[in-house]
Every structure is written in structure tokens, then in C-alpha cells.
Amino acid sequence: MSPLLEVKNLIVEFPSRHGTLRALDGVSFDLAAGEILGVVGESGAGKSLTGAAIIGLLEPPGRVAGGEILLQEKRIDHLAHEQMRHIRGKQIGAIFQDPLTSLNPLYTIGQQLTETILAHLPLSKAEARQRAIALLQDTGIPAAEQRIDQYPHQFSGGMRQRVVIALALAAEPILVVADEPTTALDVSIQAQIIGLLKEICKKRGAAVMLITHDMGVIAETCDRVAVMYAGRIVEIGPVHEVINHPAHPYSAGLMAAIPDISVDVERLHQIEGSMPRLNAIPKGCAFNPRCSQAFDRCREERPKLESAGATQAACWLLSNQVETQKHEVTQ
Amino acid sequence: MSKPSKALVQVQDIAMDFDVSPPWLTRVIERKPRLKLHAVDGVSFEIEKGKTLALVGESGCGKSTVARLMVGLYSPTRGSFTFDGKDAHATYKSADELNLRARIQMIFQDPYASLNPRWRVRDIVAEPLIEHGIIKDEAALSARVGELLSSVGLSPLDMPKYPHQFSGGQRQRISIARALATQPEFLVCDEPTSALDVSVQAQVLNIMKDLQNKQGLTYLFISHNLAVVRHVSDRVGVMYLGRLVELADKHTLFDRPLHPYTKMLLDAIPKMHDTGRARTPVQGEVPNPLNPPSGCAFNPRCPHANERCKSERPEMIDMADTKVACHAVQENRL
């Protein structure tokens, strides 16, 4: 069975006065129906950009400069604005970080929901309203019949994010791109929203691409996770494997840098330095200046994603190990 | 508890109200009453020299207001803050103000907003030194700024640069260097790492810990991230709607939380290493602080609430090595 979403060698570029900046450089992954894929990385790694490219909302002058995005085997990366509009909302739902800015403050919740429903589904106004109420109930908003006629400012942050989820799911999409859906919320509300997102997508069989920098959220929600660094995927694999046995030194460093609530350590592991700027991405492996195990090949040649046990990682150390193992075997 | 303790920071029943009344004319015409927001309502704690107290809680619980009270950005409506045996808020209003301000410094949350973008790093870090008249000689000033930058892992060569030339983590280190310039004894850190990425957060937390070990600094660390709090603190206070609900030693609090709210908060954190486990999500949301519930402020969300919780406000009581404000704990109902 072919995957629901296939991203092949995606390249996103931003032309600027000082030359073209390559923000995504050969990102490839796929997503099966009903699967939840997490995307992690530091700010500037290209996580949100990957999401934006899939839903066709790249901010100009950013553009897809290469590669393909296939949704149910149909290319969607080169569609015209008008065609993309029908896919967005109908087939791909989007949830953004800030529930304050993703709702229009001048319209009631009901107006915004019915607008989306009417745009994508052949329903009458009354039916659309019924559906909107049902959606609000599904997302756990109490007294949905009354609250549907209220404005966003009458809702709290957590409630607004529930509305945004209802909005994203209004037309029964097959894929939901959630970009940091809980970052603006308090921990206690975060748990509720993540639980809701997971449950409701499972119920409807929608696949989710969950972009976040919170490893805890990923660990709890996702089936697989992709770790991004400087516009590239450095490791992708089942969530338990990446967290407990990361193959790439960057994933390992990232996992070790997160303070663990159940363990006492004197010092946290730190990755020296910071993410390179887009105009100064090092040659070879982008992580080599910060990597303690880098050797000559890392500085010259760019590694490709290769399978490393249960996960796939882009690191020369792995092929080195494989080669030395082979060597040992032949000896 | 009347014995004189030697804690460096002693806060007794401190409270801060904000007047959020509608404008005068609206009050007269629409007969609206005056409105008071009790941002902090009777908080007491102590911090011993060289130790770290962390305050945690959700947004709007008053933790940042406590931080601002400590550094004298607000004067409390009620209660006292005693620093090194002297009433700090009386000192903030006296001629000795500068001396005290030099001893208490603050690190702010957002390293992008707390550094003047038009100033060079040297001027930013040198400002407190000049302002407090610590160093007047230009050459000595530069030497000292270089020394401060080195102590936070930056280079003296960074002095002529502007803040925009640095990453978030480096900027936060500049903030720390500036806060350290007056050789303070007490640092108030308001969410110092919440705007940073995890790998950079680790760098900043490590530097803060090293500085504490080297210079014997005392920290008040405000955060909403319990994992970070566990890493940096010695004692932890949990706040809810302007009040402390539990105050305990770090290990006691994380291993044996008493207050239902603390338990809920701990349970709400996504755990990295037991994947797939379903958590009990926290019920409900933080109530409107303008109209807090009667009795215990947590009662609408609490699974153990009874009639008493709805009518009577629980006081902080000493339980073994924890202080907790909860009727259910006190009555042994949990």
C-alpha cells in the first residue's frame, strides 16, 4: 500500500539580495494513513517550513525549488493557488501555534466553523450549524449550543485551541498538520489538548504531522519521529528507538540536553555552539562543527539517510561502523 | 516559628493588588464598583544563602509578580520582604537604595527584549558598574566587562558587538553578565530559559549552576517547567492563583507531593521515557483571578473537594518536612 503522504527530496529556497538561501535541503519522508509523525529540532531547523510547504502556505519569497510532495499519489506541490485551496481544509487540516491569532476576532466561533464546513461539504446552512455544534462537542467544549454564538475573546486559551482543532477537522481531512499546537498553553492544558488531538484523529483515521520542540509531547503522542537539523532530516524512526537509542550524535545530544523530571544530574549534557545560519551551512555534514565525533569525511561529504538498526540516520559514523564490522567479520 | 532565622531572604505574607477598575466616568455612569486583582495574596518563604528556591505554577498564578516585588519594581500592598535582616522595601525608598539594588539583581525572560538593540555589549554590561559608581576608570571598566563576559562563557572580544549579532542563548548570557556586574548576592531569575531551545537551555542552566557553586549566589528561580525546576532548585514552592499551595524540599516535593494541585501538575508533564502511557489530564482551567472561587481557590478542579473546601480558605500548615495549604491533606482524607 502506498503511503498517504510522500515527501521526496523537498528543497525550499528563499531568494535574497545576497544569494539564495536554502532552508530545506532534501527532506524526504512518508506518512501512512492514521499514523502520527513527530517532527523535532531546534528553532531554525526547518520544522515549520516543512509543514508550511505541505499545506502550500510558504511565505513568499520562499518557494519549493525541488522535490515532490504527493498526497494519495497525486502531486500537490505545484498546484495553482485556487486548486490548493480546495485541498487545504478539505484534505489537509492545519493547526497553528497561537490560538489567539488563528481565529478571526470579528466573527463568532459558529460563523467561522460553518464557513469552513460550507466551503468544503455540500450541506445546507442549518445542517452545517448542526455539524459545527457536534464538532465543538467532540472537542470537549461544554454547552456547545450556547458557546457557538460567542466570539473568540470569550474563550480561554485552551478552549480556543479546541475550537481551532474543531476547525481543522471540520471537513474530515485525511491529514492534519499541527505546528506547535500546545506551545502557547500551560502544562495542565497541554495534556488535555494533546490527548484530544490524539483521540480525535484516531477516531477519524486522520494522519497527523505533529511539529513541536517538546520531546515529552512527541514521546507520548507519536508513532514515529523525525529529528531535523539545519534544513535536513538527520534521523527518523520509531519514537521509542530514537529516544532511547538515538543513532545520530545530534539526536543523542538533544535527548541528553532535556532535563528529566525523574532523575537527578549535577550537570546537563550540552551541545556546544549553536545552529548554523542559513548562509553559512558547513560543508559536508551540517552538524560537524558541533559534533565531538566528527572526522575528515564529515567535513567533506554530506551523509545520506541510511538504516541504523530500527531507525534511519544520516551520519558517517554509522557507515564506518558497518564497514569496520564487515571488516571484522571477514577477518 | 518566632525564632530568628538566618535566611538571607525572608518573605512574610507578601501581597500585591492591582487596581483594574473601569475608568472613573464608567464607574459613575454605569455604577460599576472598583475592581482589585489580587495577583499575589499572602505568600511567605525563606531562602538560605547559596540556595535556590523555585516558584512554579501556571500562567497568571503570580510568580512573576513575586519576582518583581523582590527587586523592588513593585511595592507590596501588604507584608514584608526582609533581605539580610533588613526590611528591603523600606530600604528601596531610602538613601541606601543603590546599595541594596546592587545586591539584588534580576535576569529576565526574553533575551530579545531585555537588551537594548542600539547599545554595544560593552555598554550594556558596563551600565550597572557606572550607575552604581563601582568602577570609574575607562580601562578598568573594559577589563572588568571582559572578565564578566568570560565568566559566562563569552569572549572579551565580543565587547564591541551589538545584541543582534548573538543567538538567544548568548544573549541570555549577556543578561547574566550584566546581572553579575554589581557582584550581587541574590539573583531573581524570571523564566530565564523558557525562550530558549533545549540544547541552549542546558548551556545556560549549567552556567547558572557553575556560578552558584563558585560565587555562592542565592537564586529565586521562576519557571513553569517542572523538569528544569527539579534540575536547578533546592526547594520548590508551588503557586496557584496568587497563593503558595505547597512548599517543600525538592526531593520531598517530587517524590511525595501532597497537594492535589502539585500532583496534578506533576502528572501533566509528558514523560520522555515511558512512552504510550496515558496520563490523567488535569480537569478544567485556571479560574478568572478577578473572581476567584471562594474557599480554596483550587476547589472547582480538585477531585477531593468537599463543602469545607468551598467555604473555608486553607492556611499553610506544617506537615513533617512540607508546608501545604489543603484541608484534605490536613484532615487525612487523601
# chains A, B, ... in the order shown; residues from 1 in each chain; ligands from 1
$ residues_around --residues "Ser2 in chain A" --least-positions-apart "6" --cutoff "8 Å" --atoms "only C-alpha atoms" --output "PyMOL selection string"
chain A and resi 32+72-73
$ residues_around --residues "Val39 in chain A" --least-positions-apart "4" --cutoff "8 Å" --atoms "only C-alpha atoms" --output "PDB file with C-alpha atoms, in the first residue's frame"
ATOM      1  CA  LYS A  47      10.294  22.013  11.019  1.00  0.00           C
ATOM      2  CA  MET A 209       2.219  15.536  11.363  1.00  0.00           C
ATOM      3  CA  LEU A 210       2.994  16.990  14.792  1.00  0.00           C
ATOM      4  CA  ILE A 211       5.660  19.677  14.799  1.00  0.00           C
ATOM      5  CA  THR A 212       6.995  20.528  18.238  1.00  0.00           C
ATOM      6  CA  HIS A 213      10.192  21.075  20.179  1.00  0.00           C
ATOM      7  CA  VAL A 225       9.676  10.873  14.911  1.00  0.00           C
ATOM      8  CA  ALA A 226      11.915  12.830  12.538  1.00  0.00           C
ATOM      9  CA  VAL A 227      14.780  14.864  14.004  1.00  0.00           C
ATOM     10  CA  MET A 228      15.688  17.884  11.885  1.00  0.00           C
TER      11      MET A 228
END
$ interface_residues --of "chain A" --to "chain B" --cutoff "9 Å" --atoms "only C-alpha atoms" --output "ChimeraX atom specification"
/A:41-43,156,158,185-192,195,213-222,239-240,243-244,253-274
$ write_last_selection --atoms "C-alpha atoms" --output "short mmCIF file (atom, residue, chain, number, x, y, z; two decimals), in the first residue's frame"
data_model
loop_
_atom_site.label_atom_id
_atom_site.label_comp_id
_atom_site.auth_asym_id
_atom_site.auth_seq_id
_atom_site.Cartn_x
_atom_site.Cartn_y
_atom_site.Cartn_z
CA GLY A 41 14.54 20.13 16.21
CA GLU A 42 15.79 23.48 17.47
CA SER A 43 14.40 26.75 16.18
CA SER A 156 -9.83 30.88 27.24
CA GLY A 158 -7.20 26.10 25.93
CA LEU A 185 -0.59 26.69 26.55
CA ASP A 186 0.09 25.84 30.18
CA VAL A 187 1.24 22.31 31.02
CA SER A 188 -2.05 21.30 32.56
CA ILE A 189 -3.96 22.40 29.46
CA GLN A 190 -1.28 20.96 27.17
CA ALA A 191 -2.05 17.45 28.36
CA GLN A 192 -5.74 17.90 27.64
CA GLY A 195 -4.95 13.85 24.46
CA HIS A 213 10.19 21.08 20.18
CA ASP A 214 8.82 19.26 23.22
CA MET A 215 10.21 15.70 23.28
CA GLY A 216 7.82 14.72 26.04
CA VAL A 217 4.84 15.51 23.84
CA ILE A 218 6.38 13.54 20.99
CA ALA A 219 7.16 10.55 23.21
CA GLU A 220 3.61 10.38 24.35
CA THR A 221 1.80 11.01 21.12
CA CYS A 222 3.71 9.88 18.06
CA VAL A 239 9.68 7.03 18.69
CA HIS A 240 10.98 4.63 21.38
CA ILE A 243 14.51 8.47 22.29
CA ASN A 244 16.19 5.51 23.93
CA GLY A 253 22.80 15.30 22.31
CA LEU A 254 19.30 16.68 22.03
CA MET A 255 17.84 13.87 24.13
CA ALA A 256 20.55 14.25 26.77
CA ALA A 257 20.08 18.03 27.00
CA ILE A 258 16.49 17.71 28.13
CA PRO A 259 16.26 17.75 31.93
CA ASP A 260 14.48 14.62 33.09
CA ILE A 261 11.96 15.07 35.85
CA SER A 262 12.63 11.68 37.41
CA VAL A 263 16.43 11.75 37.55
CA ASP A 264 18.91 13.98 39.38
CA VAL A 265 22.01 15.03 37.48
CA GLU A 266 24.65 17.52 38.53
CA ARG A 267 25.20 18.95 35.05
CA LEU A 268 23.09 18.72 31.94
CA HIS A 269 24.65 17.49 28.77
CA GLN A 270 25.19 20.43 26.46
CA ILE A 271 25.81 20.63 22.75
CA GLU A 272 28.43 23.34 22.27
CA GLY A 273 27.76 26.15 19.83
CA SER A 274 24.53 26.82 18.03
#
$ atom_distance --atom1 "CA of Ile124 in chain B" --atom2 "CA of Met70 in chain B"
22.4 Å
$ select_by_dssp --residues "range 48-245 of chain B" --states "helix (DSSP H, G or I)" --output "NGL selection string"
:B and (63-70 or 88-92 or 97-103 or 121-131 or 138-151 or 156-158 or 163-165 or 168-180 or 198-215 or 226-232)
$ residues_around --residues "Lys203 in chain A" --least-positions-apart "2" --cutoff "12 Å" --atoms "only C-alpha atoms" --output "list of chain:residue names"
A:Gly34, A:Asp138, A:Thr139, A:Leu169, A:Glu172, A:Ile174, A:Leu196, A:Leu197, A:Lys198, A:Glu199, A:Ile200, A:Cys201, A:Gly205, A:Ala206, A:Ala207
$ atom_distance --atom1 "CA of Leu113 in chain A" --atom2 "CA of Glu82 in chain A"
20.5 Å
$ select_by_dssp --residues "range 102-229 of chain A" --states "strand (DSSP E)" --output "MDAnalysis selection string"
chainID A and resid 175:179 207:211 224:229
$ residues_around --residues "Gly157 in chain A" --least-positions-apart "3" --cutoff "10 Å" --atoms "only C-alpha atoms" --output "MDAnalysis selection string"
(chainID A and resid 98:100 152:154 160:163 184:186 189) or (chainID B and resid 285)
$ residues_around --residues "Ile107 in chain B" --least-positions-apart "3" --cutoff "8 Å" --atoms "only C-alpha atoms" --output "VMD selection string"
chain B and resid 175 to 176 179 187 to 190 192
$ residues_around --residues "Arg313 in chain B" --least-positions-apart "6" --cutoff "8 Å" --atoms "only C-alpha atoms" --output "list in words"
Ser294, Gly295, Cys296 and Ala297 of chain B
$ residues_around --residues "range 20-32 of chain B" --least-positions-apart "5" --cutoff "12 Å" --atoms "only C-alpha atoms" --output "list in words"
Leu37, His38, Ala39, Pro289 and Leu290 of chain B
$ atom_distance --atom1 "CA of Gly46 in chain A" --atom2 "CA of Ala314 in chain A"
16.3 Å
$ decode --residues "range 214-279 of chain A" --atoms "C-alpha atoms" --output "compact mmCIF listing (two decimals), in the first residue's frame"
# COMPACT_ATOMS: atom_id res chain seq x y z
CA ASP A 214 8.82 19.26 23.22
CA MET A 215 10.21 15.70 23.28
CA GLY A 216 7.82 14.72 26.04
CA VAL A 217 4.84 15.51 23.84
CA ILE A 218 6.38 13.54 20.99
CA ALA A 219 7.16 10.55 23.21
CA GLU A 220 3.61 10.38 24.35
CA THR A 221 1.80 11.01 21.12
CA CYS A 222 3.71 9.88 18.06
CA ASP A 223 4.37 6.61 16.34
CA ARG A 224 7.49 7.81 14.56
CA VAL A 225 9.68 10.87 14.91
CA ALA A 226 11.91 12.83 12.54
CA VAL A 227 14.78 14.86 14.00
CA MET A 228 15.69 17.88 11.89
CA TYR A 229 18.87 19.93 11.83
CA ALA A 230 19.72 22.85 9.54
CA GLY A 231 17.04 22.02 6.98
CA ARG A 232 17.74 18.30 6.81
CA ILE A 233 16.35 15.21 8.48
CA VAL A 234 19.21 13.69 10.46
CA GLU A 235 17.29 10.80 11.95
CA ILE A 236 13.87 9.26 11.51
CA GLY A 237 12.40 6.19 13.13
CA PRO A 238 10.07 4.71 15.73
CA VAL A 239 9.68 7.03 18.69
CA HIS A 240 10.98 4.63 21.38
CA GLU A 241 14.08 3.86 19.35
CA VAL A 242 15.00 7.47 18.65
CA ILE A 243 14.51 8.47 22.29
CA ASN A 244 16.19 5.51 23.93
CA HIS A 245 18.80 4.56 21.33
CA PRO A 246 19.44 7.59 19.12
CA ALA A 247 21.84 6.75 16.31
CA HIS A 248 22.81 10.28 15.25
CA PRO A 249 25.07 12.29 17.60
CA TYR A 250 22.74 15.29 17.28
CA SER A 251 19.66 13.32 18.34
CA ALA A 252 21.69 11.83 21.18
CA GLY A 253 22.80 15.30 22.31
CA LEU A 254 19.30 16.68 22.03
CA MET A 255 17.84 13.87 24.13
CA ALA A 256 20.55 14.25 26.77
CA ALA A 257 20.08 18.03 27.00
CA ILE A 258 16.49 17.71 28.13
CA PRO A 259 16.26 17.75 31.93
CA ASP A 260 14.48 14.62 33.09
CA ILE A 261 11.96 15.07 35.85
CA SER A 262 12.63 11.68 37.41
CA VAL A 263 16.43 11.75 37.55
CA ASP A 264 18.91 13.98 39.38
CA VAL A 265 22.01 15.03 37.48
CA GLU A 266 24.65 17.52 38.53
CA ARG A 267 25.20 18.95 35.05
CA LEU A 268 23.09 18.72 31.94
CA HIS A 269 24.65 17.49 28.77
CA GLN A 270 25.19 20.43 26.46
CA ILE A 271 25.81 20.63 22.75
CA GLU A 272 28.43 23.34 22.27
CA GLY A 273 27.76 26.15 19.83
CA SER A 274 24.53 26.82 18.03
CA MET A 275 22.69 26.00 14.82
CA PRO A 276 24.46 27.46 11.76
CA ARG A 277 22.89 30.35 9.89
CA LEU A 278 21.36 29.54 6.51
CA ASN A 279 24.05 31.48 4.69
